[in-house]
$ cat work-v2.cif   # mmCIF, C-alpha atoms
data_structure
#
loop_
_atom_site.label_atom_id
_atom_site.label_comp_id
_atom_site.auth_asym_id
_atom_site.auth_seq_id
_atom_site.Cartn_x
_atom_site.Cartn_y
_atom_site.Cartn_z
CA MET V 1 15.09 -14.74 2.53
CA ASP V 2 12.80 -15.23 5.50
CA THR V 3 9.49 -16.49 4.17
CA VAL V 4 7.82 -17.38 7.46
CA ASN V 5 4.93 -15.08 8.31
CA LYS V 6 6.10 -13.30 11.46
CA PRO V 7 3.89 -11.23 13.73
CA ALA V 8 4.36 -7.50 13.15
CA GLU V 9 6.47 -6.99 16.28
CA SER V 10 9.44 -8.98 15.04
CA ARG V 11 9.41 -7.04 11.78
CA GLU V 12 9.00 -3.62 13.38
CA LEU V 13 11.36 -0.90 14.55
CA VAL V 14 10.01 1.77 16.88
CA LEU V 15 11.05 5.21 18.01
CA ALA V 16 8.94 6.87 20.71
CA ARG V 17 9.50 10.32 22.20
CA LEU V 18 7.63 12.98 24.17
CA ILE V 19 8.15 16.21 22.21
CA ASP V 20 7.60 19.62 23.79
CA ALA V 21 5.36 21.00 21.04
CA PRO V 22 1.69 20.51 20.14
CA PRO V 23 0.75 17.78 17.64
CA GLU V 24 -0.21 20.41 15.02
CA ASN V 25 3.37 21.60 14.84
CA VAL V 26 4.93 18.14 14.77
CA PHE V 27 2.53 17.23 11.97
CA ARG V 28 3.54 20.41 10.09
CA ALA V 29 7.21 19.47 10.40
CA TRP V 30 6.41 16.18 8.67
CA THR V 31 4.20 17.61 5.94
CA GLU V 32 5.62 21.04 4.97
CA PRO V 33 8.69 20.61 2.74
CA GLU V 34 10.49 23.71 4.05
CA LEU V 35 10.22 22.41 7.61
CA LEU V 36 10.95 18.77 6.82
CA LYS V 37 14.16 19.75 5.01
CA GLN V 38 15.50 21.25 8.24
CA TRP V 39 15.36 18.12 10.38
CA PHE V 40 14.80 14.97 8.31
CA THR V 41 18.42 13.88 7.71
CA PRO V 42 20.95 13.61 10.54
CA LYS V 43 23.64 16.26 9.99
CA PRO V 44 25.97 16.55 8.14
CA TRP V 45 23.57 14.98 5.64
CA THR V 46 21.08 17.41 4.14
CA VAL V 47 17.80 17.27 2.22
CA ALA V 48 18.40 18.58 -1.31
CA SER V 49 14.70 18.64 -2.15
CA ALA V 50 11.38 17.45 -0.80
CA GLU V 51 8.09 17.12 -2.66
CA LEU V 52 5.23 16.00 -0.45
CA ASP V 53 1.75 15.40 -1.82
CA VAL V 54 0.18 14.67 1.55
CA ARG V 55 -3.04 12.76 0.88
CA PRO V 56 -3.83 9.04 0.59
CA GLY V 57 -2.34 7.98 -2.74
CA GLY V 58 -0.19 11.12 -2.94
CA GLY V 59 3.50 10.70 -3.56
CA ASN V 60 6.56 11.95 -1.76
CA ARG V 61 10.04 12.35 -3.18
CA ILE V 62 12.83 13.29 -0.82
CA VAL V 63 16.38 13.66 -2.10
CA MET V 64 18.94 13.16 0.66
CA ARG V 65 22.44 14.49 0.09
CA SER V 66 25.56 12.99 1.64
CA PRO V 67 28.37 15.15 3.08
CA GLU V 68 30.30 14.31 -0.12
CA GLY V 69 27.52 15.83 -2.22
CA GLN V 70 26.01 12.61 -3.54
CA ASN V 71 22.23 12.56 -3.96
CA PHE V 72 20.03 9.71 -2.73
CA PRO V 73 16.46 10.03 -3.96
CA ASN V 74 13.67 8.25 -2.08
CA SER V 75 10.12 7.89 -3.32
CA GLY V 76 7.02 6.69 -1.58
CA VAL V 77 3.27 7.00 -1.32
CA TYR V 78 1.04 8.11 1.57
CA LEU V 79 -1.48 5.45 2.55
CA GLU V 80 -3.29 7.27 5.33
CA VAL V 81 -3.38 10.89 6.43
CA ILE V 82 -5.25 12.10 9.51
CA LYS V 83 -4.28 15.72 10.06
CA ASN V 84 -2.36 16.29 13.31
CA GLU V 85 -2.86 12.65 14.34
CA ARG V 86 -1.45 10.07 11.98
CA LEU V 87 0.61 9.69 8.85
CA VAL V 88 1.26 6.39 7.06
CA PHE V 89 3.50 5.99 4.02
CA THR V 90 5.39 3.24 2.25
CA ASP V 91 8.18 2.74 -0.25
CA ALA V 92 6.31 -0.25 -1.76
CA TYR V 93 5.03 2.18 -4.42
CA THR V 94 6.90 4.97 -6.21
CA LYS V 95 3.56 6.61 -7.00
CA ALA V 96 -0.11 5.53 -6.96
CA TRP V 97 -0.06 2.58 -7.73
CA GLU V 98 3.24 1.75 -9.31
CA PRO V 99 5.10 -1.03 -7.45
CA SER V 100 8.63 -0.04 -6.43
CA GLU V 101 11.73 -2.07 -7.10
CA LYS V 102 11.57 -3.49 -3.59
CA PRO V 103 8.89 -3.03 -0.93
CA PHE V 104 11.03 -2.44 2.13
CA MET V 105 9.09 -0.52 4.77
CA THR V 106 5.84 1.07 5.87
CA ALA V 107 6.05 3.93 8.39
CA ILE V 108 3.21 4.66 10.78
CA ILE V 109 3.78 8.01 12.50
CA THR V 110 1.38 8.97 15.29
CA PHE V 111 1.04 12.30 17.09
CA GLU V 112 -0.87 12.07 20.38
CA TYR V 113 -1.79 15.13 22.40
CA ASP V 114 -0.42 14.86 25.94
CA GLY V 115 -0.92 17.98 28.05
CA GLY V 116 0.39 20.48 25.50
CA LYS V 117 3.13 18.12 24.36
CA THR V 118 3.13 15.39 21.75
CA ARG V 119 3.56 11.71 22.38
CA TYR V 120 5.33 10.95 19.14
CA THR V 121 5.70 7.39 17.87
CA ALA V 122 7.28 6.21 14.63
CA ARG V 123 6.64 2.55 13.87
CA VAL V 124 8.54 1.23 10.88
CA ARG V 125 7.30 -2.14 9.63
CA HIS V 126 9.08 -4.39 7.18
CA TRP V 127 7.93 -7.29 5.03
CA SER V 128 10.47 -9.64 6.57
CA ALA V 129 12.46 -10.00 9.76
CA ALA V 130 15.57 -9.96 7.55
CA ASP V 131 14.70 -6.48 6.24
CA ARG V 132 14.07 -5.23 9.79
CA LYS V 133 17.51 -6.49 10.74
CA THR V 134 19.10 -4.85 7.71
CA HIS V 135 17.41 -1.56 8.59
CA GLU V 136 18.63 -1.84 12.15
CA GLU V 137 22.16 -2.52 10.96
CA MET V 138 21.95 0.47 8.59
CA GLY V 139 21.66 2.53 11.77
CA PHE V 140 17.91 2.98 12.19
CA HIS V 141 18.01 3.76 15.93
CA GLU V 142 20.90 6.20 15.74
CA GLY V 143 19.65 7.91 12.58
CA TRP V 144 16.02 8.32 13.55
CA SER V 145 17.02 9.34 17.07
CA LYS V 146 19.35 12.05 15.81
CA ALA V 147 16.76 13.28 13.31
CA THR V 148 14.19 13.41 16.10
CA ASP V 149 16.59 15.53 18.18
CA GLN V 150 16.76 17.92 15.22
CA LEU V 151 12.96 17.83 14.90
CA ALA V 152 12.53 18.74 18.60
CA GLU V 153 15.06 21.57 18.25
CA LEU V 154 13.33 22.96 15.19
CA LEU V 155 9.96 22.82 16.95
CA ALA V 156 11.32 24.61 20.01
CA GLY V 157 12.14 27.55 17.74
CA LEU V 158 8.83 27.68 15.84
CA MET Z 1 15.03 -12.87 -8.05
CA ASP Z 2 14.66 -10.07 -10.59
CA THR Z 3 16.05 -6.95 -8.94
CA VAL Z 4 16.09 -4.65 -11.96
CA ASN Z 5 13.44 -1.94 -11.74
CA LYS Z 6 11.13 -2.69 -14.66
CA PRO Z 7 8.52 -0.31 -16.02
CA ALA Z 8 5.02 -1.24 -14.89
CA GLU Z 9 4.00 -2.80 -18.22
CA SER Z 10 6.35 -5.76 -17.95
CA ARG Z 11 5.08 -6.52 -14.45
CA GLU Z 12 1.41 -6.12 -15.30
CA LEU Z 13 -1.37 -8.47 -16.39
CA VAL Z 14 -4.49 -6.94 -17.89
CA LEU Z 15 -8.03 -8.06 -18.55
CA ALA Z 16 -10.29 -5.66 -20.47
CA ARG Z 17 -13.92 -6.24 -21.40
CA LEU Z 18 -17.00 -4.28 -22.46
CA ILE Z 19 -19.74 -5.40 -20.09
CA ASP Z 20 -23.42 -4.87 -20.90
CA ALA Z 21 -24.36 -3.28 -17.56
CA PRO Z 22 -23.90 0.19 -16.07
CA PRO Z 23 -20.77 0.91 -13.97
CA GLU Z 24 -22.90 1.16 -10.80
CA ASN Z 25 -23.86 -2.49 -11.10
CA VAL Z 26 -20.37 -3.73 -11.94
CA PHE Z 27 -19.07 -1.81 -8.94
CA ARG Z 28 -21.77 -3.39 -6.76
CA ALA Z 29 -20.73 -6.86 -7.91
CA TRP Z 30 -17.20 -6.09 -6.70
CA THR Z 31 -18.19 -4.55 -3.37
CA GLU Z 32 -21.29 -6.40 -2.09
CA PRO Z 33 -20.30 -9.77 -0.60
CA GLU Z 34 -23.49 -11.56 -1.65
CA LEU Z 35 -22.92 -10.55 -5.28
CA LEU Z 36 -19.17 -11.12 -5.31
CA LYS Z 37 -19.63 -14.66 -3.99
CA GLN Z 38 -21.64 -15.53 -7.09
CA TRP Z 39 -19.01 -14.74 -9.72
CA PHE Z 40 -15.54 -14.30 -8.17
CA THR Z 41 -14.18 -17.86 -8.47
CA PRO Z 42 -14.34 -19.82 -11.74
CA LYS Z 43 -16.70 -22.76 -11.23
CA PRO Z 44 -16.53 -25.42 -9.84
CA TRP Z 45 -14.59 -23.37 -7.25
CA THR Z 46 -16.81 -21.39 -4.88
CA VAL Z 47 -16.48 -18.53 -2.43
CA ALA Z 48 -17.05 -19.86 1.08
CA SER Z 49 -17.14 -16.37 2.63
CA ALA Z 50 -16.38 -12.77 1.73
CA GLU Z 51 -15.86 -9.86 4.10
CA LEU Z 52 -15.33 -6.57 2.31
CA ASP Z 53 -14.66 -3.35 4.21
CA VAL Z 54 -14.67 -1.16 1.11
CA ARG Z 55 -12.81 2.05 2.02
CA PRO Z 56 -9.16 3.09 1.79
CA GLY Z 57 -7.40 1.13 4.53
CA GLY Z 58 -10.32 -1.27 4.88
CA GLY Z 59 -9.61 -4.97 4.68
CA ASN Z 60 -11.04 -7.75 2.60
CA ARG Z 61 -11.00 -11.44 3.35
CA ILE Z 62 -12.23 -13.84 0.72
CA VAL Z 63 -12.17 -17.58 1.35
CA MET Z 64 -12.09 -19.56 -1.89
CA ARG Z 65 -13.12 -23.22 -1.77
CA SER Z 66 -11.79 -25.87 -4.13
CA PRO Z 67 -14.06 -28.54 -5.67
CA GLU Z 68 -12.50 -30.94 -3.10
CA GLY Z 69 -13.72 -28.71 -0.26
CA GLN Z 70 -10.39 -27.20 0.73
CA ASN Z 71 -10.45 -23.55 1.83
CA PHE Z 72 -7.99 -20.94 0.55
CA PRO Z 73 -8.28 -17.68 2.48
CA ASN Z 74 -7.01 -14.47 0.86
CA SER Z 75 -6.59 -11.19 2.68
CA GLY Z 76 -5.89 -7.73 1.36
CA VAL Z 77 -6.44 -4.03 1.90
CA TYR Z 78 -8.21 -1.44 -0.26
CA LEU Z 79 -5.90 1.44 -1.21
CA GLU Z 80 -8.31 3.58 -3.21
CA VAL Z 81 -12.08 3.54 -3.60
CA ILE Z 82 -13.94 5.83 -6.01
CA LYS Z 83 -17.54 4.67 -6.09
CA ASN Z 84 -18.65 3.30 -9.48
CA GLU Z 85 -15.30 4.28 -11.02
CA ARG Z 86 -12.26 2.70 -9.49
CA LEU Z 87 -11.17 0.15 -6.92
CA VAL Z 88 -7.56 -0.51 -5.91
CA PHE Z 89 -6.46 -3.22 -3.49
CA THR Z 90 -3.34 -5.16 -2.64
CA ASP Z 91 -2.23 -8.30 -0.85
CA ALA Z 92 0.89 -6.48 0.43
CA TYR Z 93 -1.04 -5.91 3.68
CA THR Z 94 -3.33 -8.30 5.55
CA LYS Z 95 -4.96 -5.30 7.27
CA ALA Z 96 -4.07 -1.61 7.75
CA TRP Z 97 -1.05 -1.57 7.91
CA GLU Z 98 0.23 -5.01 8.67
CA PRO Z 99 2.69 -6.25 6.01
CA SER Z 100 1.70 -9.61 4.54
CA GLU Z 101 3.96 -12.59 4.20
CA LYS Z 102 4.67 -11.70 0.59
CA PRO Z 103 3.59 -8.62 -1.35
CA PHE Z 104 2.53 -10.23 -4.62
CA MET Z 105 0.06 -8.00 -6.44
CA THR Z 106 -1.88 -4.76 -6.61
CA ALA Z 107 -5.15 -4.77 -8.56
CA ILE Z 108 -6.49 -1.61 -10.19
CA ILE Z 109 -10.07 -2.15 -11.36
CA THR Z 110 -11.66 0.61 -13.41
CA PHE Z 111 -15.28 0.98 -14.48
CA GLU Z 112 -15.80 3.46 -17.35
CA TYR Z 113 -19.23 4.46 -18.58
CA ASP Z 114 -19.57 3.79 -22.29
CA GLY Z 115 -23.07 4.36 -23.68
CA GLY Z 116 -24.97 2.42 -21.02
CA LYS Z 117 -22.31 -0.28 -20.86
CA THR Z 118 -19.12 -0.51 -18.83
CA ARG Z 119 -15.62 -0.51 -20.20
CA TYR Z 120 -14.15 -2.76 -17.53
CA THR Z 121 -10.39 -3.04 -17.01
CA ALA Z 122 -8.54 -5.05 -14.40
CA ARG Z 123 -4.84 -4.24 -14.21
CA VAL Z 124 -2.88 -6.53 -11.92
CA ARG Z 125 0.60 -5.25 -11.09
CA HIS Z 126 3.38 -7.24 -9.47
CA TRP Z 127 6.58 -6.25 -7.70
CA SER Z 128 8.70 -8.25 -10.10
CA ALA Z 129 8.54 -9.61 -13.64
CA ALA Z 130 9.08 -13.06 -12.08
CA ASP Z 131 5.89 -12.73 -10.03
CA ARG Z 132 3.94 -11.56 -13.08
CA LYS Z 133 5.17 -14.66 -14.91
CA THR Z 134 4.21 -16.92 -11.99
CA HIS Z 135 0.74 -15.39 -11.91
CA GLU Z 136 0.38 -15.92 -15.66
CA GLU Z 137 1.45 -19.57 -15.28
CA MET Z 138 -1.02 -20.01 -12.41
CA GLY Z 139 -3.68 -19.34 -15.05
CA PHE Z 140 -4.40 -15.63 -14.66
CA HIS Z 141 -5.88 -15.11 -18.14
CA GLU Z 142 -8.07 -18.20 -18.07
CA GLY Z 143 -9.18 -17.70 -14.48
CA TRP Z 144 -9.97 -13.98 -14.65
CA SER Z 145 -11.60 -14.42 -18.05
CA LYS Z 146 -13.89 -17.19 -16.79
CA ALA Z 147 -14.73 -15.18 -13.65
CA THR Z 148 -15.53 -12.18 -15.85
CA ASP Z 149 -17.90 -14.33 -17.93
CA GLN Z 150 -19.66 -15.25 -14.68
CA LEU Z 151 -19.70 -11.56 -13.66
CA ALA Z 152 -21.33 -10.55 -16.97
CA GLU Z 153 -23.91 -13.34 -16.62
CA LEU Z 154 -24.76 -12.31 -13.07
CA LEU Z 155 -25.15 -8.68 -14.15
CA ALA Z 156 -27.41 -9.63 -17.05
CA GLY Z 157 -29.82 -11.09 -14.48
CA LEU Z 158 -29.75 -8.17 -12.00
#

$ encode --input "work-v2.cif" --output "structure tokens"
Amino acid sequence: MDTVNKPAESRELVLARLIDAPPENVFRAWTEPELLKQWFTPKPWTVASAELDVRPGGGNRIVMRSPEGQNFPNSGVYLEVIKNERLVFTDAYTKAWEPSEKPFMTAIITFEYDGGKTRYTARVRHWSAADRKTHEEMGFHEGWSKATDQLAELLAGL
Amino acid sequence: MDTVNKPAESRELVLARLIDAPPENVFRAWTEPELLKQWFTPKPWTVASAELDVRPGGGNRIVMRSPEGQNFPNSGVYLEVIKNERLVFTDAYTKAWEPSEKPFMTAIITFEYDGGKTRYTARVRHWSAADRKTHEEMGFHEGWSKATDQLAELLAGL
């Protein structure tokens, strides 16, 4: 385990994209369960269920389902919610304020207005450089990129 | 490292006390730097400085000084603030939302009105039973108990 205190950059993974939809809609796609279910997991994975209590200290529980039908539940807590601008959540807690089995990541999602479009940035921070590496090897870039394609498609049809 | 997901109780340390002061004053002693400095570290330790940005996402930085004059800085972030009722903070972040070197504890401090006095409870939760044990061996009960004596004394004089 890497116990040296690294600056955030070396423990961070980032996805940035200009999305052709206003921030309000991108924020909705992150916070309304029926919308989130349509884009959140790269196909052929699906979202079996999504409960999102979008407020600081509110919990989320998203069950991802593999193509083979196996369920993978994920729980987290929102740390910061600024409507249409910013959403921060972590898996360090399963609910307010129950520590999870392993604090792995904190996601900082920002939605910036840019001439009718949204400058969309997802920063995913880890507690160690080793965890960042693991996340990268699990396919972070591919997975989040594909999900973001699905998000953009969904938004184009809203 | 303990990787089994334990219920909160086995990862928690608790201090409970009935304090002869109203919740407003106990809350002040936790949130006003000049008051906190007077009780927070068991003597002969002192608090060299305290910066407290008391709001969800706000940071705190408390420098504790040993009798030999060595400084021990501690940083954390407030997760939940309900004035005169409840204060939650963690060392999992050094500021919003920068992961710390090691997420060790989350403190949930509650102030309940009880006939002019305060039913005061400090719950300190850890991410593993091993960390709870370490904290206990570092002298949690003795240290927090002595600090709480100092808190009660300070409040008696307010």

$ residues_around --input "work-v2.cif" --residues "Thr106 of chain V" --least-positions-apart "4" --cutoff "7 Å" --atoms "all atoms listed in the file" --output "PDB file with C-alpha atoms, keeping the file's coordinate frame"
ATOM      1  CA  PHE V  89       3.500   5.990   4.020  1.00  0.00           C
ATOM      2  CA  THR V  90       5.390   3.240   2.250  1.00  0.00           C
ATOM      3  CA  ASP V  91       8.180   2.740  -0.250  1.00  0.00           C
ATOM      4  CA  VAL V 124       8.540   1.230  10.880  1.00  0.00           C
ATOM      5  CA  ARG V 125       7.300  -2.140   9.630  1.00  0.00           C
ATOM      6  CA  HIS V 126       9.080  -4.390   7.180  1.00  0.00           C
TER       7      HIS V 126
END

$ resolve_selection --input "work-v2.cif" --expression "the PyMOL selection byres ((chain Z and resi 14) around 6)" --output "number ranges by chain"
Z: 13, 15, 122-123

$ calpha_fit_and_write --input "work-v2.cif" --fixed "chain Z" --moving "chain V" --output "mmCIF file with C-alpha atoms, keeping the file's coordinate frame"
data_model
loop_
_atom_site.group_PDB
_atom_site.id
_atom_site.type_symbol
_atom_site.label_atom_id
_atom_site.label_comp_id
_atom_site.auth_asym_id
_atom_site.auth_seq_id
_atom_site.Cartn_x
_atom_site.Cartn_y
_atom_site.Cartn_z
ATOM 1 C CA MET V 1 14.717 -13.054 -8.006
ATOM 2 C CA ASP V 2 14.506 -10.238 -10.522
ATOM 3 C CA THR V 3 15.830 -7.122 -8.833
ATOM 4 C CA VAL V 4 15.981 -4.822 -11.848
ATOM 5 C CA ASN V 5 13.416 -2.035 -11.701
ATOM 6 C CA LYS V 6 11.123 -2.774 -14.642
ATOM 7 C CA PRO V 7 8.543 -0.381 -16.036
ATOM 8 C CA ALA V 8 5.025 -1.265 -14.893
ATOM 9 C CA GLU V 9 4.027 -2.820 -18.224
ATOM 10 C CA SER V 10 6.367 -5.781 -17.955
ATOM 11 C CA ARG V 11 5.095 -6.499 -14.454
ATOM 12 C CA GLU V 12 1.414 -6.106 -15.302
ATOM 13 C CA LEU V 13 -1.358 -8.445 -16.391
ATOM 14 C CA VAL V 14 -4.493 -6.936 -17.899
ATOM 15 C CA LEU V 15 -8.029 -8.049 -18.568
ATOM 16 C CA ALA V 16 -10.285 -5.642 -20.469
ATOM 17 C CA ARG V 17 -13.925 -6.222 -21.391
ATOM 18 C CA LEU V 18 -17.007 -4.267 -22.454
ATOM 19 C CA ILE V 19 -19.766 -5.403 -20.080
ATOM 20 C CA ASP V 20 -23.441 -4.876 -20.883
ATOM 21 C CA ALA V 21 -24.375 -3.289 -17.553
ATOM 22 C CA PRO V 22 -23.907 0.190 -16.071
ATOM 23 C CA PRO V 23 -20.796 0.901 -13.972
ATOM 24 C CA GLU V 24 -22.915 1.149 -10.786
ATOM 25 C CA ASN V 25 -23.865 -2.495 -11.082
ATOM 26 C CA VAL V 26 -20.382 -3.739 -11.937
ATOM 27 C CA PHE V 27 -19.071 -1.807 -8.941
ATOM 28 C CA ARG V 28 -21.772 -3.406 -6.746
ATOM 29 C CA ALA V 29 -20.725 -6.867 -7.917
ATOM 30 C CA TRP V 30 -17.207 -6.109 -6.689
ATOM 31 C CA THR V 31 -18.192 -4.552 -3.374
ATOM 32 C CA GLU V 32 -21.294 -6.411 -2.091
ATOM 33 C CA PRO V 33 -20.285 -9.781 -0.604
ATOM 34 C CA GLU V 34 -23.485 -11.579 -1.653
ATOM 35 C CA LEU V 35 -22.913 -10.568 -5.270
ATOM 36 C CA LEU V 36 -19.157 -11.111 -5.305
ATOM 37 C CA LYS V 37 -19.604 -14.665 -3.996
ATOM 38 C CA GLN V 38 -21.630 -15.531 -7.098
ATOM 39 C CA TRP V 39 -18.984 -14.744 -9.700
ATOM 40 C CA PHE V 40 -15.526 -14.293 -8.165
ATOM 41 C CA THR V 41 -14.158 -17.855 -8.475
ATOM 42 C CA PRO V 42 -14.313 -19.807 -11.738
ATOM 43 C CA LYS V 43 -16.666 -22.769 -11.244
ATOM 44 C CA PRO V 44 -16.474 -25.408 -9.852
ATOM 45 C CA TRP V 45 -14.575 -23.366 -7.264
ATOM 46 C CA THR V 46 -16.792 -21.402 -4.902
ATOM 47 C CA VAL V 47 -16.450 -18.517 -2.448
ATOM 48 C CA ALA V 48 -17.020 -19.847 1.080
ATOM 49 C CA SER V 49 -17.105 -16.375 2.609
ATOM 50 C CA ALA V 50 -16.368 -12.778 1.726
ATOM 51 C CA GLU V 51 -15.852 -9.856 4.091
ATOM 52 C CA LEU V 52 -15.327 -6.562 2.303
ATOM 53 C CA ASP V 53 -14.651 -3.344 4.182
ATOM 54 C CA VAL V 54 -14.667 -1.141 1.100
ATOM 55 C CA ARG V 55 -12.829 2.060 2.017
ATOM 56 C CA PRO V 56 -9.168 3.102 1.777
ATOM 57 C CA GLY V 57 -7.410 1.139 4.513
ATOM 58 C CA GLY V 58 -10.339 -1.274 4.862
ATOM 59 C CA GLY V 59 -9.621 -4.965 4.678
ATOM 60 C CA ASN V 60 -11.038 -7.751 2.582
ATOM 61 C CA ARG V 61 -10.979 -11.450 3.358
ATOM 62 C CA ILE V 62 -12.215 -13.845 0.718
ATOM 63 C CA VAL V 63 -12.149 -17.585 1.340
ATOM 64 C CA MET V 64 -12.063 -19.559 -1.903
ATOM 65 C CA ARG V 65 -13.079 -23.206 -1.782
ATOM 66 C CA SER V 66 -11.750 -25.859 -4.145
ATOM 67 C CA PRO V 67 -14.003 -28.542 -5.682
ATOM 68 C CA GLU V 68 -12.463 -30.932 -3.115
ATOM 69 C CA GLY V 69 -13.687 -28.712 -0.283
ATOM 70 C CA GLN V 70 -10.354 -27.191 0.698
ATOM 71 C CA ASN V 71 -10.415 -23.556 1.817
ATOM 72 C CA PHE V 72 -7.972 -20.935 0.537
ATOM 73 C CA PRO V 73 -8.229 -17.683 2.464
ATOM 74 C CA ASN V 74 -6.990 -14.460 0.863
ATOM 75 C CA SER V 75 -6.578 -11.170 2.673
ATOM 76 C CA GLY V 76 -5.896 -7.718 1.371
ATOM 77 C CA VAL V 77 -6.440 -4.022 1.893
ATOM 78 C CA TYR V 78 -8.200 -1.417 -0.268
ATOM 79 C CA LEU V 79 -5.911 1.457 -1.212
ATOM 80 C CA GLU V 80 -8.323 3.570 -3.219
ATOM 81 C CA VAL V 81 -12.088 3.543 -3.610
ATOM 82 C CA ILE V 82 -13.964 5.821 -6.006
ATOM 83 C CA LYS V 83 -17.568 4.657 -6.068
ATOM 84 C CA ASN V 84 -18.657 3.306 -9.468
ATOM 85 C CA GLU V 85 -15.315 4.292 -11.023
ATOM 86 C CA ARG V 86 -12.259 2.711 -9.482
ATOM 87 C CA LEU V 87 -11.177 0.167 -6.925
ATOM 88 C CA VAL V 88 -7.565 -0.506 -5.918
ATOM 89 C CA PHE V 89 -6.471 -3.209 -3.485
ATOM 90 C CA THR V 90 -3.339 -5.141 -2.635
ATOM 91 C CA ASP V 91 -2.224 -8.279 -0.847
ATOM 92 C CA ALA V 92 0.903 -6.458 0.428
ATOM 93 C CA TYR V 93 -1.029 -5.886 3.677
ATOM 94 C CA THR V 94 -3.321 -8.278 5.550
ATOM 95 C CA LYS V 95 -4.945 -5.286 7.247
ATOM 96 C CA ALA V 96 -4.081 -1.588 7.716
ATOM 97 C CA TRP V 97 -1.039 -1.521 7.917
ATOM 98 C CA GLU V 98 0.247 -4.966 8.660
ATOM 99 C CA PRO V 99 2.706 -6.219 6.008
ATOM 100 C CA SER V 100 1.718 -9.582 4.527
ATOM 101 C CA GLU V 101 3.994 -12.566 4.215
ATOM 102 C CA LYS V 102 4.698 -11.661 0.602
ATOM 103 C CA PRO V 103 3.597 -8.600 -1.368
ATOM 104 C CA PHE V 104 2.536 -10.203 -4.623
ATOM 105 C CA MET V 105 0.046 -7.996 -6.453
ATOM 106 C CA THR V 106 -1.890 -4.750 -6.606
ATOM 107 C CA ALA V 107 -5.168 -4.753 -8.561
ATOM 108 C CA ILE V 108 -6.490 -1.606 -10.192
ATOM 109 C CA ILE V 109 -10.076 -2.146 -11.356
ATOM 110 C CA THR V 110 -11.678 0.622 -13.415
ATOM 111 C CA PHE V 111 -15.306 0.990 -14.486
ATOM 112 C CA GLU V 112 -15.814 3.468 -17.336
ATOM 113 C CA TYR V 113 -19.249 4.467 -18.557
ATOM 114 C CA ASP V 114 -19.600 3.778 -22.283
ATOM 115 C CA GLY V 115 -23.090 4.376 -23.660
ATOM 116 C CA GLY V 116 -24.980 2.423 -20.999
ATOM 117 C CA LYS V 117 -22.308 -0.263 -20.849
ATOM 118 C CA THR V 118 -19.129 -0.494 -18.824
ATOM 119 C CA ARG V 119 -15.623 -0.487 -20.178
ATOM 120 C CA TYR V 120 -14.162 -2.734 -17.528
ATOM 121 C CA THR V 121 -10.409 -3.017 -17.016
ATOM 122 C CA ALA V 122 -8.547 -5.042 -14.405
ATOM 123 C CA ARG V 123 -4.846 -4.236 -14.210
ATOM 124 C CA VAL V 124 -2.878 -6.518 -11.927
ATOM 125 C CA ARG V 125 0.603 -5.235 -11.092
ATOM 126 C CA HIS V 126 3.371 -7.224 -9.475
ATOM 127 C CA TRP V 127 6.570 -6.230 -7.704
ATOM 128 C CA SER V 128 8.704 -8.244 -10.100
ATOM 129 C CA ALA V 129 8.541 -9.595 -13.623
ATOM 130 C CA ALA V 130 9.087 -13.041 -12.078
ATOM 131 C CA ASP V 131 5.886 -12.720 -10.020
ATOM 132 C CA ARG V 132 3.943 -11.577 -13.099
ATOM 133 C CA LYS V 133 5.168 -14.672 -14.901
ATOM 134 C CA THR V 134 4.228 -16.911 -11.986
ATOM 135 C CA HIS V 135 0.749 -15.381 -11.918
ATOM 136 C CA GLU V 136 0.396 -15.918 -15.636
ATOM 137 C CA GLU V 137 1.472 -19.532 -15.286
ATOM 138 C CA MET V 138 -1.010 -20.005 -12.420
ATOM 139 C CA GLY V 139 -3.658 -19.331 -15.060
ATOM 140 C CA PHE V 140 -4.371 -15.619 -14.667
ATOM 141 C CA HIS V 141 -5.853 -15.118 -18.154
ATOM 142 C CA GLU V 142 -8.060 -18.194 -18.083
ATOM 143 C CA GLY V 143 -9.188 -17.679 -14.486
ATOM 144 C CA TRP V 144 -9.962 -13.983 -14.654
ATOM 145 C CA SER V 145 -11.591 -14.424 -18.057
ATOM 146 C CA LYS V 146 -13.884 -17.165 -16.798
ATOM 147 C CA ALA V 147 -14.738 -15.178 -13.669
ATOM 148 C CA THR V 148 -15.535 -12.172 -15.845
ATOM 149 C CA ASP V 149 -17.892 -14.336 -17.929
ATOM 150 C CA GLN V 150 -19.653 -15.236 -14.674
ATOM 151 C CA LEU V 151 -19.696 -11.560 -13.655
ATOM 152 C CA ALA V 152 -21.325 -10.558 -16.978
ATOM 153 C CA GLU V 153 -23.902 -13.343 -16.613
ATOM 154 C CA LEU V 154 -24.760 -12.312 -13.079
ATOM 155 C CA LEU V 155 -25.134 -8.683 -14.158
ATOM 156 C CA ALA V 156 -27.410 -9.625 -17.047
ATOM 157 C CA GLY V 157 -29.811 -11.086 -14.483
ATOM 158 C CA LEU V 158 -29.738 -8.191 -11.994
#

$ resolve_selection --input "work-v2.cif" --expression "the PyMOL selection byres ((chain Z and resi 18) around 7)" --output "list in words"
Arg17, Ile19, Asp20, Lys117, Thr118, Arg119 and Tyr120 of chain Z

$ atom_distance --input "work-v2.cif" --atom1 "atom CA of Val26 of chain Z" --atom2 "atom CA of Glu68 of chain Z"
29.7 Å

$ residues_around --input "work-v2.cif" --residues "Gly58 of chain V" --least-positions-apart "4" --cutoff "12 Å" --atoms "only C-alpha atoms" --output "NGL selection string"
(:V and (31 or 51-54 or 75-81 or 87-90 or 93-98)) or (:Z and (79-80))
